[in-house]
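A.B. asks: Input: one structure, supplied below.
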Amino acid sequence: MLDSITSLFVDYNYSFDDLETIDKYKTSKKRCFLLHSNREDFKVNFYIKVIEEAKKQGRSVLITSPTIMLCEEIVMYLKRYLKGYKIYSMSSKNTMKERYEAYMNTKYDNLDVLVTTHTGIFSTFNNLG
């Protein structure tokens with residue numbers, strides 16, 4: 001399984017710190033992982049590759065963000081690069097209807113990615129990968 005993860009990260013120009021981060025992710029065996037990098041392009045590439053791998057396995061992805069603005073920015077990037085994926089955001093900026101829709105899609109496994117602030121951490125996932 002780790003070989004498939006390694007093959008995910010071959011088409012990008014990485015710095016030494018990026019390679020260390022990828023190595024930490026691989027050794028974490030896909031458990032919860034805190035991604036810390038100053039390079040936005042690396043983070044977006046990392047998210048996309050991990051999301052694609054999770055989708056191949058039929059799993060959903062939860063991405064937490066410290067701020068609402070960053071949450072919305074991540075959703076914007078993901079929707080730009082992952083056409084056809086069901087990507088939702090859940091934060092206090094969303095209307096009650098949008099939050100309910102994201103919650104129900106999470107509960108019934110009808111989404112690929114949920115990008116959230118602290119409000120979505122306790123969402124009901126059945127197949128989180």
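Identifiers in this document derive from the order of the structure tokens: chains are assigned A, B, ..., residues are numbered from 1 separately in each chain, and ligands are numbered from 1 in order of occurrence.
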Using only C-alpha atoms, tabulate the residues of stretch 44-126 of chain A lying at most 12 Å from any atom of stretch 24-27 of chain A, each with its closest atom pair and that distance in Å to one decimal, by chain and increasing residue number, as JSON lines.

C.D. replies:
{"residue": "A:Phe46", "atom": "CA", "partner": "A:Tyr25", "partner_atom": "CA", "distance": 10.1}
{"residue": "A:Tyr47", "atom": "CA", "partner": "A:Tyr25", "partner_atom": "CA", "distance": 11.7}
{"residue": "A:Val50", "atom": "CA", "partner": "A:Tyr25", "partner_atom": "CA", "distance": 10.0}

A.B. asks: Write out as a PyMOL selection string all residues of stretch 4-89 of chain A that backbone DSSP assigns to helix (DSSP H, G or I).

C.D. replies: chain A and resi 4-8+16-27+40-56+68-81

A.B. asks: Those residues with C-alpha atoms, as an mmCIF file, in the first residue's frame please?

C.D. replies:
data_model
loop_
_atom_site.group_PDB
_atom_site.id
_atom_site.type_symbol
_atom_site.label_atom_id
_atom_site.label_comp_id
_atom_site.auth_asym_id
_atom_site.auth_seq_id
_atom_site.Cartn_x
_atom_site.Cartn_y
_atom_site.Cartn_z
ATOM 1 C CA SER A 4 1.006 3.251 -4.199
ATOM 2 C CA ILE A 5 1.439 6.316 -1.987
ATOM 3 C CA THR A 6 5.045 6.719 -3.115
ATOM 4 C CA SER A 7 3.970 6.617 -6.745
ATOM 5 C CA LEU A 8 1.563 9.488 -6.079
ATOM 6 C CA PHE A 16 14.150 18.831 0.865
ATOM 7 C CA ASP A 17 11.474 19.886 3.385
ATOM 8 C CA ASP A 18 8.732 18.697 1.028
ATOM 9 C CA LEU A 19 10.374 15.285 0.737
ATOM 10 C CA GLU A 20 10.612 15.056 4.533
ATOM 11 C CA THR A 21 6.906 15.842 4.804
ATOM 12 C CA ILE A 22 6.031 13.156 2.251
ATOM 13 C CA ASP A 23 8.200 10.662 4.117
ATOM 14 C CA LYS A 24 6.429 11.485 7.401
ATOM 15 C CA TYR A 25 3.074 10.993 5.685
ATOM 16 C CA LYS A 26 4.126 7.617 4.289
ATOM 17 C CA THR A 27 5.374 6.416 7.664
ATOM 18 C CA GLU A 40 1.170 26.802 -0.971
ATOM 19 C CA ASP A 41 1.784 25.011 -4.261
ATOM 20 C CA PHE A 42 3.181 21.987 -2.408
ATOM 21 C CA LYS A 43 0.208 21.887 -0.029
ATOM 22 C CA VAL A 44 -2.319 22.000 -2.849
ATOM 23 C CA ASN A 45 -0.441 19.309 -4.772
ATOM 24 C CA PHE A 46 -0.240 17.188 -1.618
ATOM 25 C CA TYR A 47 -3.994 17.547 -0.971
ATOM 26 C CA ILE A 48 -4.860 16.647 -4.550
ATOM 27 C CA LYS A 49 -2.696 13.531 -4.599
ATOM 28 C CA VAL A 50 -4.014 12.248 -1.263
ATOM 29 C CA ILE A 51 -7.628 12.958 -2.287
ATOM 30 C CA GLU A 52 -7.171 11.107 -5.582
ATOM 31 C CA GLU A 53 -5.761 8.084 -3.748
ATOM 32 C CA ALA A 54 -8.621 8.106 -1.220
ATOM 33 C CA LYS A 55 -11.202 8.308 -4.011
ATOM 34 C CA LYS A 56 -9.637 5.290 -5.724
ATOM 35 C CA ILE A 68 -12.727 30.403 7.486
ATOM 36 C CA MET A 69 -10.848 32.334 4.830
ATOM 37 C CA LEU A 70 -8.286 29.570 4.376
ATOM 38 C CA CYS A 71 -11.089 27.008 4.323
ATOM 39 C CA GLU A 72 -12.776 28.787 1.431
ATOM 40 C CA GLU A 73 -9.459 29.210 -0.382
ATOM 41 C CA ILE A 74 -8.731 25.472 -0.142
ATOM 42 C CA VAL A 75 -12.203 24.666 -1.484
ATOM 43 C CA MET A 76 -11.634 27.053 -4.390
ATOM 44 C CA TYR A 77 -8.308 25.404 -5.306
ATOM 45 C CA LEU A 78 -9.684 21.886 -4.987
ATOM 46 C CA LYS A 79 -12.727 22.640 -7.133
ATOM 47 C CA ARG A 80 -10.425 24.100 -9.770
ATOM 48 C CA TYR A 81 -8.177 21.031 -9.941
#

A.B. asks: Quick one: residues within 6 Å of A:Val115, only C-alpha atoms, excluding same-chain residues fewer than 4 positions away - as a list of chain:residue names?

C.D. replies: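 Listed by chain and then number, they are A:Ile63, A:Thr64, A:Ser89.
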
A.B. asks: For the structure I just gave you, how does DSSP split chain A - specifically, which residues are strand (DSSP E)? Reply as JSON, numbers by chain.

C.D. replies: {"A": [61, 62, 63, 64, 87, 88, 89, 90, 113, 114, 115, 116]}

A.B. asks: For N, CA and C atoms, I'd like the residues from the last selection saved as a PDB file, in the first residue's frame.

C.D. replies:
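Just written: part-v3.pdb:
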ATOM      1  N   VAL A  61     -12.397  12.298   2.392  1.00  0.00           N
ATOM      2  CA  VAL A  61     -11.275  13.014   2.998  1.00  0.00           C
ATOM      3  C   VAL A  61     -11.803  14.193   3.804  1.00  0.00           C
ATOM      4  N   LEU A  62     -11.253  14.379   5.001  1.00  0.00           N
ATOM      5  CA  LEU A  62     -11.574  15.519   5.850  1.00  0.00           C
ATOM      6  C   LEU A  62     -10.330  16.392   5.955  1.00  0.00           C
ATOM      7  N   ILE A  63     -10.463  17.651   5.565  1.00  0.00           N
ATOM      8  CA  ILE A  63      -9.372  18.621   5.673  1.00  0.00           C
ATOM      9  C   ILE A  63      -9.832  19.702   6.629  1.00  0.00           C
ATOM     10  N   THR A  64      -9.080  19.919   7.692  1.00  0.00           N
ATOM     11  CA  THR A  64      -9.422  20.981   8.637  1.00  0.00           C
ATOM     12  C   THR A  64      -8.529  22.186   8.389  1.00  0.00           C
ATOM     13  N   ILE A  87     -17.062  18.230  -3.458  1.00  0.00           N
ATOM     14  CA  ILE A  87     -16.289  18.946  -2.445  1.00  0.00           C
ATOM     15  C   ILE A  87     -17.219  19.916  -1.720  1.00  0.00           C
ATOM     16  N   TYR A  88     -17.255  19.801  -0.398  1.00  0.00           N
ATOM     17  CA  TYR A  88     -18.106  20.662   0.418  1.00  0.00           C
ATOM     18  C   TYR A  88     -17.250  21.364   1.471  1.00  0.00           C
ATOM     19  N   SER A  89     -17.754  22.503   1.925  1.00  0.00           N
ATOM     20  CA  SER A  89     -17.106  23.177   3.044  1.00  0.00           C
ATOM     21  C   SER A  89     -18.124  23.303   4.164  1.00  0.00           C
ATOM     22  N   MET A  90     -17.617  23.316   5.380  1.00  0.00           N
ATOM     23  CA  MET A  90     -18.475  23.497   6.542  1.00  0.00           C
ATOM     24  C   MET A  90     -17.773  24.439   7.502  1.00  0.00           C
ATOM     25  N   VAL A 113     -14.801  15.110  -0.441  1.00  0.00           N
ATOM     26  CA  VAL A 113     -13.953  15.940   0.409  1.00  0.00           C
ATOM     27  C   VAL A 113     -14.811  16.892   1.227  1.00  0.00           C
ATOM     28  N   LEU A 114     -14.491  16.990   2.517  1.00  0.00           N
ATOM     29  CA  LEU A 114     -15.095  18.004   3.375  1.00  0.00           C
ATOM     30  C   LEU A 114     -13.959  18.868   3.912  1.00  0.00           C
ATOM     31  N   VAL A 115     -13.998  20.148   3.585  1.00  0.00           N
ATOM     32  CA  VAL A 115     -13.019  21.109   4.088  1.00  0.00           C
ATOM     33  C   VAL A 115     -13.739  21.911   5.157  1.00  0.00           C
ATOM     34  N   THR A 116     -13.189  21.950   6.356  1.00  0.00           N
ATOM     35  CA  THR A 116     -13.914  22.536   7.463  1.00  0.00           C
ATOM     36  C   THR A 116     -12.990  23.232   8.447  1.00  0.00           C
TER      37      THR A 116
END

A.B. asks: Mind checking which residues fall within 12 Å of stretch 96-99 of chain A, counting only C-alpha atoms, ignoring those fewer than 2 positions away in the same chain, and posting them as number ranges by chain?

C.D. replies: A: 88-94, 101-106, 114-117, 119-120, 123

A.B. asks: Rank A:Leu128, A:Ser15, A:Asp112, A:Pro66 by their smallest atom-to-atom distance to A:Asn38, using only C-alpha atoms, and report the top residue only.

C.D. replies: A:Ser15

A.B. asks: Please measure the separation of atom CA of A:Gly84 and atom CA of A:His36, giving the value in Å to one decimal.

C.D. replies: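 One can read the atom CA of A:Gly84 to atom CA of A:His36 distance as 27.3 Å.
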